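**Student:** Dropping in query_8.csv, which is CSV, C-alpha atoms:
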```
chain,number,residue,atom,x,y,z
A,129,MET,CA,-11.2,-10.4,17.3
A,130,ARG,CA,-8.2,-12.0,15.5
A,131,GLN,CA,-4.7,-10.8,16.5
A,132,PHE,CA,-1.4,-11.9,15.1
A,133,PHE,CA,1.9,-12.7,16.7
A,134,ASP,CA,5.4,-14.0,16.2
A,135,THR,CA,8.2,-15.1,18.6
A,136,PHE,CA,11.9,-14.8,17.9
A,137,SER,CA,15.2,-15.0,19.7
A,138,THR,CA,17.0,-12.0,21.2
A,139,PRO,CA,20.2,-11.8,23.2
A,140,VAL,CA,18.1,-12.0,26.4
A,141,GLY,CA,15.8,-14.9,25.3
A,142,ASP,CA,12.6,-15.3,23.3
A,143,PHE,CA,10.6,-12.1,22.5
A,144,SER,CA,7.0,-12.1,21.3
A,145,ILE,CA,5.1,-9.4,19.6
A,146,ALA,CA,1.3,-9.2,18.9
A,147,VAL,CA,-0.3,-6.9,16.3
A,148,ASP,CA,-3.8,-6.1,15.4
A,149,ALA,CA,-5.4,-6.4,11.9
A,150,ASN,CA,-4.0,-2.9,11.1
A,151,GLY,CA,-0.4,-3.9,12.0
A,152,SER,CA,-0.4,-1.8,15.2
A,153,VAL,CA,1.6,-3.4,18.1
A,154,ILE,CA,-0.8,-4.3,20.9
A,155,ALA,CA,1.5,-6.3,23.2
A,156,THR,CA,5.0,-7.6,23.6
A,157,ALA,CA,6.6,-10.0,26.1
A,158,PHE,CA,10.0,-11.5,26.9
A,159,GLY,CA,8.9,-15.1,26.4
A,160,THR,CA,6.6,-17.1,24.1
A,161,LEU,CA,2.8,-17.1,23.5
A,162,PRO,CA,1.7,-17.9,27.1
A,163,GLU,CA,3.6,-14.8,28.4
A,164,LEU,CA,2.3,-12.7,25.6
A,165,ARG,CA,-1.3,-13.8,26.1
A,166,GLU,CA,-1.2,-12.5,29.6
A,167,ARG,CA,-0.7,-8.9,28.3
A,168,PHE,CA,-3.7,-8.5,26.0
A,169,ALA,CA,-7.2,-9.8,25.2
A,170,ALA,CA,-8.0,-11.5,21.9
A,171,ASP,CA,-10.5,-14.0,20.8
A,172,GLU,CA,-8.0,-15.6,18.4
A,173,VAL,CA,-4.2,-15.3,18.1
A,174,VAL,CA,-2.6,-16.6,15.0
A,175,GLN,CA,1.2,-16.9,14.4
A,176,ASP,CA,1.9,-14.7,11.3
A,177,PRO,CA,5.6,-13.7,10.9
A,178,VAL,CA,4.7,-11.6,7.8
A,179,ARG,CA,2.2,-9.3,9.7
A,180,VAL,CA,4.8,-8.9,12.5
A,181,ALA,CA,7.8,-8.4,10.2
A,182,ALA,CA,8.1,-4.6,10.6
A,183,ALA,CA,8.0,-4.8,14.4
A,184,ARG,CA,10.4,-7.6,14.4
A,185,ALA,CA,12.8,-5.7,12.2
A,186,GLU,CA,12.8,-2.7,14.5
A,187,VAL,CA,13.3,-4.8,17.7
A,188,THR,CA,16.1,-6.8,16.0
A,189,ALA,CA,17.8,-3.5,15.0
A,190,TYR,CA,17.5,-2.3,18.6
A,191,PHE,CA,19.2,-5.4,19.9
A,192,SER,CA,21.9,-5.1,17.3
A,193,GLY,CA,22.7,-1.6,18.4
A,194,LYS,CA,21.4,0.0,15.2
A,195,ARG,CA,18.2,1.6,16.5
A,196,ASP,CA,17.6,3.8,19.5
A,197,ALA,CA,13.9,4.7,18.9
A,198,PHE,CA,10.9,2.8,17.6
A,199,THR,CA,8.6,4.2,14.8
A,200,LEU,CA,5.9,1.5,15.0
A,201,LYS,CA,2.2,2.2,15.3
A,202,LEU,CA,1.1,1.3,18.8
A,203,ALA,CA,-2.4,0.4,20.1
A,204,PRO,CA,-2.1,-0.5,23.8
A,205,SER,CA,-5.3,-0.9,25.7
A,206,GLY,CA,-5.5,1.1,28.9
A,207,THR,CA,-7.1,3.9,30.8
A,208,PRO,CA,-6.4,7.5,30.0
A,209,PHE,CA,-4.0,7.8,32.9
A,210,GLN,CA,-2.2,4.6,31.9
A,211,GLN,CA,-2.0,6.0,28.3
A,212,SER,CA,-0.5,9.2,29.6
A,213,VAL,CA,2.2,7.3,31.7
A,214,TRP,CA,3.1,5.1,28.7
A,215,ALA,CA,3.4,8.2,26.5
A,216,ALA,CA,5.7,9.8,29.1
A,217,MET,CA,7.8,6.6,29.2
A,218,GLN,CA,8.2,6.9,25.4
A,219,ARG,CA,9.8,10.4,25.9
A,220,ILE,CA,12.6,9.0,28.1
A,221,PRO,CA,15.6,9.2,25.9
A,222,PHE,CA,17.5,6.1,24.9
A,223,GLY,CA,20.2,5.3,27.4
A,224,GLN,CA,18.6,7.3,30.2
A,225,THR,CA,16.3,6.6,33.1
A,226,ARG,CA,13.6,8.3,35.1
A,227,SER,CA,12.2,7.6,38.5
A,228,TYR,CA,8.5,7.0,39.1
A,229,GLY,CA,8.4,10.4,40.9
A,230,GLU,CA,10.0,12.2,38.0
A,231,LEU,CA,7.4,10.8,35.7
A,232,ALA,CA,4.6,11.8,38.1
A,233,THR,CA,6.0,15.3,38.2
A,234,GLU,CA,6.3,15.4,34.4
A,235,LEU,CA,2.6,14.5,34.3
A,236,GLY,CA,1.7,17.4,36.6
A,237,ASN,CA,1.0,15.2,39.6
A,238,PRO,CA,4.1,14.9,41.8
A,239,GLY,CA,2.2,12.9,44.4
A,240,ALA,CA,1.3,10.2,42.0
A,241,SER,CA,4.5,8.1,41.9
A,242,ARG,CA,2.7,5.0,43.1
A,243,ALA,CA,0.0,5.4,40.5
A,244,VAL,CA,2.7,5.8,37.9
A,245,GLY,CA,4.3,2.6,39.2
A,246,ARG,CA,1.0,0.7,38.8
A,247,ALA,CA,0.6,2.1,35.2
A,248,ASN,CA,4.2,1.1,34.5
A,249,ALA,CA,3.5,-2.4,35.7
A,250,THR,CA,0.6,-2.8,33.4
A,251,ASN,CA,2.4,-1.6,30.3
A,252,PRO,CA,1.4,-4.2,27.6
A,253,ILE,CA,4.2,-3.2,25.2
A,254,ALA,CA,7.4,-3.8,27.0
A,255,LEU,CA,10.7,-2.6,25.4
A,256,ILE,CA,9.0,-0.6,22.7
A,257,VAL,CA,7.3,1.5,25.4
A,258,PRO,CA,10.4,1.5,27.5
A,259,CYS,CA,9.2,0.7,31.0
A,260,HIS,CA,12.7,-0.7,31.6
A,261,ARG,CA,13.9,2.9,31.8
A,262,VAL,CA,11.8,3.6,34.9
A,263,ILE,CA,13.6,3.0,38.2
A,264,GLY,CA,13.2,3.7,41.9
A,265,SER,CA,14.1,7.1,43.2
A,266,ASP,CA,17.1,5.4,44.9
A,267,GLY,CA,18.2,3.8,41.6
A,268,ALA,CA,16.7,0.4,42.4
A,269,MET,CA,15.8,-1.8,39.5
A,270,THR,CA,12.2,-2.2,40.5
A,271,GLY,CA,9.0,-2.8,38.6
A,272,PHE,CA,10.0,-4.8,35.5
A,273,ALA,CA,7.6,-7.7,34.8
A,274,PHE,CA,10.3,-9.8,33.1
A,275,GLY,CA,12.9,-9.6,35.9
A,276,GLU,CA,15.8,-7.5,37.1
A,277,ASP,CA,18.3,-9.4,35.0
A,278,ILE,CA,16.6,-8.5,31.7
A,279,LYS,CA,16.1,-4.9,32.9
A,280,ARG,CA,19.8,-4.5,33.8
A,281,TRP,CA,20.8,-6.0,30.5
A,282,LEU,CA,18.6,-3.6,28.5
A,283,LEU,CA,19.9,-0.6,30.4
A,284,ALA,CA,23.5,-1.7,30.0
A,285,HIS,CA,22.9,-2.4,26.3
A,286,GLU,CA,21.5,1.2,25.8
A,287,ALA,CA,24.4,2.7,27.8
A,288,ALA,CA,26.9,0.9,25.6
A,289,SER,CA,25.1,1.6,22.4
A,290,SER,CA,24.4,5.3,23.0
A,291,PRO,CA,27.8,6.7,21.8
A,292,ALA,CA,27.6,4.6,18.6
A,293,LEU,CA,24.2,6.0,17.7
A,294,VAL,CA,24.9,9.7,18.4
```
What would the structure in this file look like if it were written as structure tokens?

**Tutor:**
Amino acid sequence: MRQFFDTFSTPVGDFSIAVDANGSVIATAFGTLPELRERFAADEVVQDPVRVAAARAEVTAYFSGKRDAFTLKLAPSGTPFQQSVWAAMQRIPFGQTRSYGELATELGNPGASRAVGRANATNPIALIVPCHRVIGSDGAMTGFAFGEDIKRWLLAHEAASSPALV
């Protein structure tokens, strides 16, 4: 199956987005094609900035402080439980955080914080599905595939941008 991608610069480095033939986002990565390929399966991946233009525009607006929510069609591949965790992450408001335990409780299973953490770690659509907003119960910056520095930057960016967008 043919998928399409593009890579572009952001304030925290290169960012790559992959979309399917319908234009739905299937994966993102802070980095270039090798980092992106680790996050989804495809027979063929072709660079196509036109097919990725809508997603790139929304991500660029996010980084410029002009967007606090994404409206893109998403098609992440995962189990029903992973899908439920990723949907819960999308409900975390811009500029706020939740712990793994809080997400587990929201999902009706307060004892599942470790399972929520595993689902968070497998999120193929970083940033757009805001796994960076999930932190440890003690406030620790845990569980972000692209490193603590990028996670801290994203949270600081959202905290600084929130008043301007309200």

**Student:** Kindly give the distance, in Å, that separates CA of Leu282 in chain A and CA of Arg219 in chain A, rounded to a single decimal.

**Tutor:**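 Distance reported for this atom pair: 16.7 Å.
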
**Student:** Looking at only C-alpha atoms, which of A:Val262, A:Ile145, A:Ile256, A:Leu161 is the one that sits closest to Phe198 in chain A?

**Tutor:**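 Closest candidate: A:Ile256.
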
**Student:** Hey, which of A:Thr199, A:Thr160, A:Gln131, A:Ser289 ends up closest to Gln224 in chain A? Count all atoms listed in the file.

**Tutor:**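 Of A:Thr199, A:Thr160, A:Gln131, A:Ser289, the one nearest Gln224 in chain A, counting all atoms listed in the file, is A:Ser289.
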
**Student:** Skip Thr233 in chain A itself and residues of its chain fewer than 4 positions away, then list as a count of residues only all residues within 12 Å of it, counting all atoms listed in the file.

**Tutor:** 14

**Student:** Using only C-alpha atoms, what table do you get, as a tab-separated table, when you list each residue of range 213-284 of chain A with an atom no more than 10 Å from range 183-197 of chain A, its nearest pair of atoms, and their distance in Å rounded to one decimal, rows by chain then rising number?

**Tutor:**
```
residue	atom	partner	partner_atom	distance
A:Gln218	CA	A:Ala197	CA	8.9
A:Arg219	CA	A:Ala197	CA	9.9
A:Pro221	CA	A:Ala197	CA	8.5
A:Phe222	CA	A:Asp196	CA	5.9
A:Gly223	CA	A:Asp196	CA	8.5
A:Leu255	CA	A:Val187	CA	8.4
A:Ile256	CA	A:Val187	CA	7.8
A:Val257	CA	A:Ala197	CA	9.8
A:Pro258	CA	A:Ala197	CA	9.8
A:Leu282	CA	A:Phe191	CA	8.8
```

**Student:** One decimal, in Å: what's the spacing between CA of Pro204 in chain A and CA of Asn251 in chain A?

**Tutor:**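 The value is 8.0 Å.
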
**Student:** With a distance cut-off of 6 Å and only C-alpha atoms, select the neighbouring residues of range 171-180 of chain A, excluding the residue or stretch itself and same-chain residues fewer than 4 positions from it, and output the selection as a PyMOL selection string.

**Tutor:** chain A and resi 129-134

**Student:** My list of candidates is A:Pro162, A:Gly206, A:Gly271, A:Gly264. Which is closest to Ala146 in chain A when distances are computed with only C-alpha atoms?

**Tutor:**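 Checking each candidate against Ala146 in chain A, we get A:Pro162 as the closest.
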
**Student:** Scan for residues within 7 Å of the point (11.4, -10.9, 23.8) in the coordinates of the file, using only C-alpha atoms, and reply as a ChimeraX atom specification.

**Tutor:** /A:137-138,141-144,157-159

**Student:** In Å to one decimal, how far is CA of Thr207 in chain A from CA of Val153 in chain A?

**Tutor:**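 So the answer is 17.0 Å.
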
**Student:** Restricting the calculation to only C-alpha atoms, which member of A:Ala287, A:Ala203, A:Ala273, A:Ala268 is positioned closest to Ala254 in chain A?

**Tutor:**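 The closest residue to Ala254 in chain A is A:Ala273.
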
**Student:** Under the rule that all atoms listed in the file are counted, which of A:Val140, A:Thr135, A:Gly267, A:Leu202 is the nearest residue to His285 in chain A?

**Tutor:** A:Val140

**Student:** Restricted to C-alpha atoms, what does range 159-270 of chain A look like when written out as a PDB file, in the first residue's frame?

**Tutor:**
```
ATOM      1  CA  GLY A 159      12.812  13.637  12.673  1.00  0.00           C
ATOM      2  CA  THR A 160      13.030  12.535   9.063  1.00  0.00           C
ATOM      3  CA  LEU A 161      11.866   9.505   7.107  1.00  0.00           C
ATOM      4  CA  PRO A 162      13.791   6.866   9.129  1.00  0.00           C
ATOM      5  CA  GLU A 163      12.126   7.999  12.390  1.00  0.00           C
ATOM      6  CA  LEU A 164       8.760   8.211  10.647  1.00  0.00           C
ATOM      7  CA  ARG A 165       9.041   4.712   9.124  1.00  0.00           C
ATOM      8  CA  GLU A 166       9.383   3.256  12.630  1.00  0.00           C
ATOM      9  CA  ARG A 167       5.832   4.445  13.415  1.00  0.00           C
ATOM     10  CA  PHE A 168       3.739   2.787  10.675  1.00  0.00           C
ATOM     11  CA  ALA A 169       3.775   0.013   8.105  1.00  0.00           C
ATOM     12  CA  ALA A 170       3.676   0.712   4.384  1.00  0.00           C
ATOM     13  CA  ASP A 171       4.829  -1.093   1.280  1.00  0.00           C
ATOM     14  CA  GLU A 172       5.887   2.153  -0.346  1.00  0.00           C
ATOM     15  CA  VAL A 173       6.376   5.677   1.010  1.00  0.00           C
ATOM     16  CA  VAL A 174       6.624   8.549  -1.456  1.00  0.00           C
ATOM     17  CA  GLN A 175       7.500  12.142  -0.629  1.00  0.00           C
ATOM     18  CA  ASP A 176       4.553  14.261  -1.712  1.00  0.00           C
ATOM     19  CA  PRO A 177       4.309  17.751  -0.160  1.00  0.00           C
ATOM     20  CA  VAL A 178       0.984  18.405  -1.921  1.00  0.00           C
ATOM     21  CA  ARG A 179      -0.780  15.427  -0.284  1.00  0.00           C
ATOM     22  CA  VAL A 180       0.614  16.447   3.112  1.00  0.00           C
ATOM     23  CA  ALA A 181      -0.053  20.202   2.693  1.00  0.00           C
ATOM     24  CA  ALA A 182      -3.171  20.388   4.894  1.00  0.00           C
ATOM     25  CA  ALA A 183      -1.481  18.568   7.771  1.00  0.00           C
ATOM     26  CA  ARG A 184       1.662  20.648   7.383  1.00  0.00           C
ATOM     27  CA  ALA A 185      -0.396  23.860   7.460  1.00  0.00           C
ATOM     28  CA  GLU A 186      -2.068  22.894  10.746  1.00  0.00           C
ATOM     29  CA  VAL A 187       1.218  21.825  12.371  1.00  0.00           C
ATOM     30  CA  THR A 188       2.902  25.042  11.193  1.00  0.00           C
ATOM     31  CA  ALA A 189       0.020  27.077  12.653  1.00  0.00           C
ATOM     32  CA  TYR A 190       0.414  25.182  15.953  1.00  0.00           C
ATOM     33  CA  PHE A 191       4.108  26.029  16.129  1.00  0.00           C
ATOM     34  CA  SER A 192       3.438  29.689  15.279  1.00  0.00           C
ATOM     35  CA  GLY A 193       0.933  29.954  18.142  1.00  0.00           C
ATOM     36  CA  LYS A 194      -2.081  30.320  15.839  1.00  0.00           C
ATOM     37  CA  ARG A 195      -3.699  26.904  16.425  1.00  0.00           C
ATOM     38  CA  ASP A 196      -4.565  25.104  19.626  1.00  0.00           C
ATOM     39  CA  ALA A 197      -6.474  22.147  18.131  1.00  0.00           C
ATOM     40  CA  PHE A 198      -6.140  19.976  15.054  1.00  0.00           C
ATOM     41  CA  THR A 199      -8.990  19.224  12.653  1.00  0.00           C
ATOM     42  CA  LEU A 200      -7.183  16.663  10.507  1.00  0.00           C
ATOM     43  CA  LYS A 201      -8.586  13.261   9.595  1.00  0.00           C
ATOM     44  CA  LEU A 202      -6.614  10.634  11.503  1.00  0.00           C
ATOM     45  CA  ALA A 203      -6.184   6.929  10.800  1.00  0.00           C
ATOM     46  CA  PRO A 204      -3.789   5.510  13.400  1.00  0.00           C
ATOM     47  CA  SER A 205      -3.381   1.764  13.434  1.00  0.00           C
ATOM     48  CA  GLY A 206      -3.867   0.192  16.857  1.00  0.00           C
ATOM     49  CA  THR A 207      -5.908  -2.044  19.111  1.00  0.00           C
ATOM     50  CA  PRO A 208      -9.303  -0.918  20.420  1.00  0.00           C
ATOM     51  CA  PHE A 209      -7.698  -0.128  23.801  1.00  0.00           C
ATOM     52  CA  GLN A 210      -4.926   1.922  22.170  1.00  0.00           C
ATOM     53  CA  GLN A 211      -7.535   3.765  20.107  1.00  0.00           C
ATOM     54  CA  SER A 212      -9.480   4.600  23.285  1.00  0.00           C
ATOM     55  CA  VAL A 213      -6.338   5.958  24.974  1.00  0.00           C
ATOM     56  CA  TRP A 214      -5.428   8.033  21.920  1.00  0.00           C
ATOM     57  CA  ALA A 215      -8.969   9.423  21.792  1.00  0.00           C
ATOM     58  CA  ALA A 216      -8.714  10.336  25.493  1.00  0.00           C
ATOM     59  CA  MET A 217      -5.409  12.122  24.846  1.00  0.00           C
ATOM     60  CA  GLN A 218      -7.110  14.200  22.159  1.00  0.00           C
ATOM     61  CA  ARG A 219      -9.563  15.435  24.802  1.00  0.00           C
ATOM     62  CA  ILE A 220      -6.782  16.893  26.974  1.00  0.00           C
ATOM     63  CA  PRO A 221      -7.153  20.641  26.504  1.00  0.00           C
ATOM     64  CA  PHE A 222      -4.367  22.654  24.917  1.00  0.00           C
ATOM     65  CA  GLY A 223      -1.943  23.866  27.578  1.00  0.00           C
ATOM     66  CA  GLN A 224      -3.003  21.260  30.149  1.00  0.00           C
ATOM     67  CA  THR A 225      -1.636  17.888  31.210  1.00  0.00           C
ATOM     68  CA  ARG A 226      -3.026  14.649  32.599  1.00  0.00           C
ATOM     69  CA  SER A 227      -1.316  11.786  34.359  1.00  0.00           C
ATOM     70  CA  TYR A 228      -1.466   8.205  33.152  1.00  0.00           C
ATOM     71  CA  GLY A 229      -3.659   7.438  36.167  1.00  0.00           C
ATOM     72  CA  GLU A 230      -6.073  10.263  35.353  1.00  0.00           C
ATOM     73  CA  LEU A 231      -6.458   8.921  31.812  1.00  0.00           C
ATOM     74  CA  ALA A 232      -7.003   5.393  33.144  1.00  0.00           C
ATOM     75  CA  THR A 233      -9.719   6.707  35.457  1.00  0.00           C
ATOM     76  CA  GLU A 234     -11.333   8.647  32.602  1.00  0.00           C
ATOM     77  CA  LEU A 235     -11.429   5.399  30.626  1.00  0.00           C
ATOM     78  CA  GLY A 236     -13.230   3.671  33.504  1.00  0.00           C
ATOM     79  CA  ASN A 237     -10.273   1.539  34.593  1.00  0.00           C
ATOM     80  CA  PRO A 238      -8.344   3.341  37.357  1.00  0.00           C
ATOM     81  CA  GLY A 239      -5.919   0.436  37.764  1.00  0.00           C
ATOM     82  CA  ALA A 240      -4.760   0.580  34.142  1.00  0.00           C
ATOM     83  CA  SER A 241      -2.218   3.400  34.340  1.00  0.00           C
ATOM     84  CA  ARG A 242       0.612   1.139  33.096  1.00  0.00           C
ATOM     85  CA  ALA A 243      -1.492  -0.029  30.147  1.00  0.00           C
ATOM     86  CA  VAL A 244      -2.311   3.605  29.385  1.00  0.00           C
ATOM     87  CA  GLY A 245       1.423   4.314  29.496  1.00  0.00           C
ATOM     88  CA  ARG A 246       2.113   1.522  27.005  1.00  0.00           C
ATOM     89  CA  ALA A 247      -0.622   2.809  24.678  1.00  0.00           C
ATOM     90  CA  ASN A 248       0.787   6.316  25.006  1.00  0.00           C
ATOM     91  CA  ALA A 249       4.233   5.031  24.057  1.00  0.00           C
ATOM     92  CA  THR A 250       2.860   3.431  20.886  1.00  0.00           C
ATOM     93  CA  ASN A 251       0.964   6.527  19.698  1.00  0.00           C
ATOM     94  CA  PRO A 252       1.937   6.790  15.999  1.00  0.00           C
ATOM     95  CA  ILE A 253       0.667  10.379  15.608  1.00  0.00           C
ATOM     96  CA  ALA A 254       2.749  12.425  18.046  1.00  0.00           C
ATOM     97  CA  LEU A 255       1.845  16.082  18.543  1.00  0.00           C
ATOM     98  CA  ILE A 256      -1.506  15.860  16.704  1.00  0.00           C
ATOM     99  CA  VAL A 257      -2.576  13.165  19.179  1.00  0.00           C
ATOM    100  CA  PRO A 258      -0.981  15.009  22.102  1.00  0.00           C
ATOM    101  CA  CYS A 259       0.903  12.324  23.986  1.00  0.00           C
ATOM    102  CA  HIS A 260       3.251  15.089  25.155  1.00  0.00           C
ATOM    103  CA  ARG A 261       0.430  16.261  27.474  1.00  0.00           C
ATOM    104  CA  VAL A 262       0.589  13.011  29.472  1.00  0.00           C
ATOM    105  CA  ILE A 263       2.927  13.112  32.463  1.00  0.00           C
ATOM    106  CA  GLY A 264       3.744  11.034  35.508  1.00  0.00           C
ATOM    107  CA  SER A 265       1.555  11.387  38.606  1.00  0.00           C
ATOM    108  CA  ASP A 266       4.437  13.237  40.268  1.00  0.00           C
ATOM    109  CA  GLY A 267       4.711  15.680  37.349  1.00  0.00           C
ATOM    110  CA  ALA A 268       7.687  13.879  35.785  1.00  0.00           C
ATOM    111  CA  MET A 269       8.211  14.302  32.041  1.00  0.00           C
ATOM    112  CA  THR A 270       8.059  10.590  31.273  1.00  0.00           C
TER     113      THR A 270
END
```
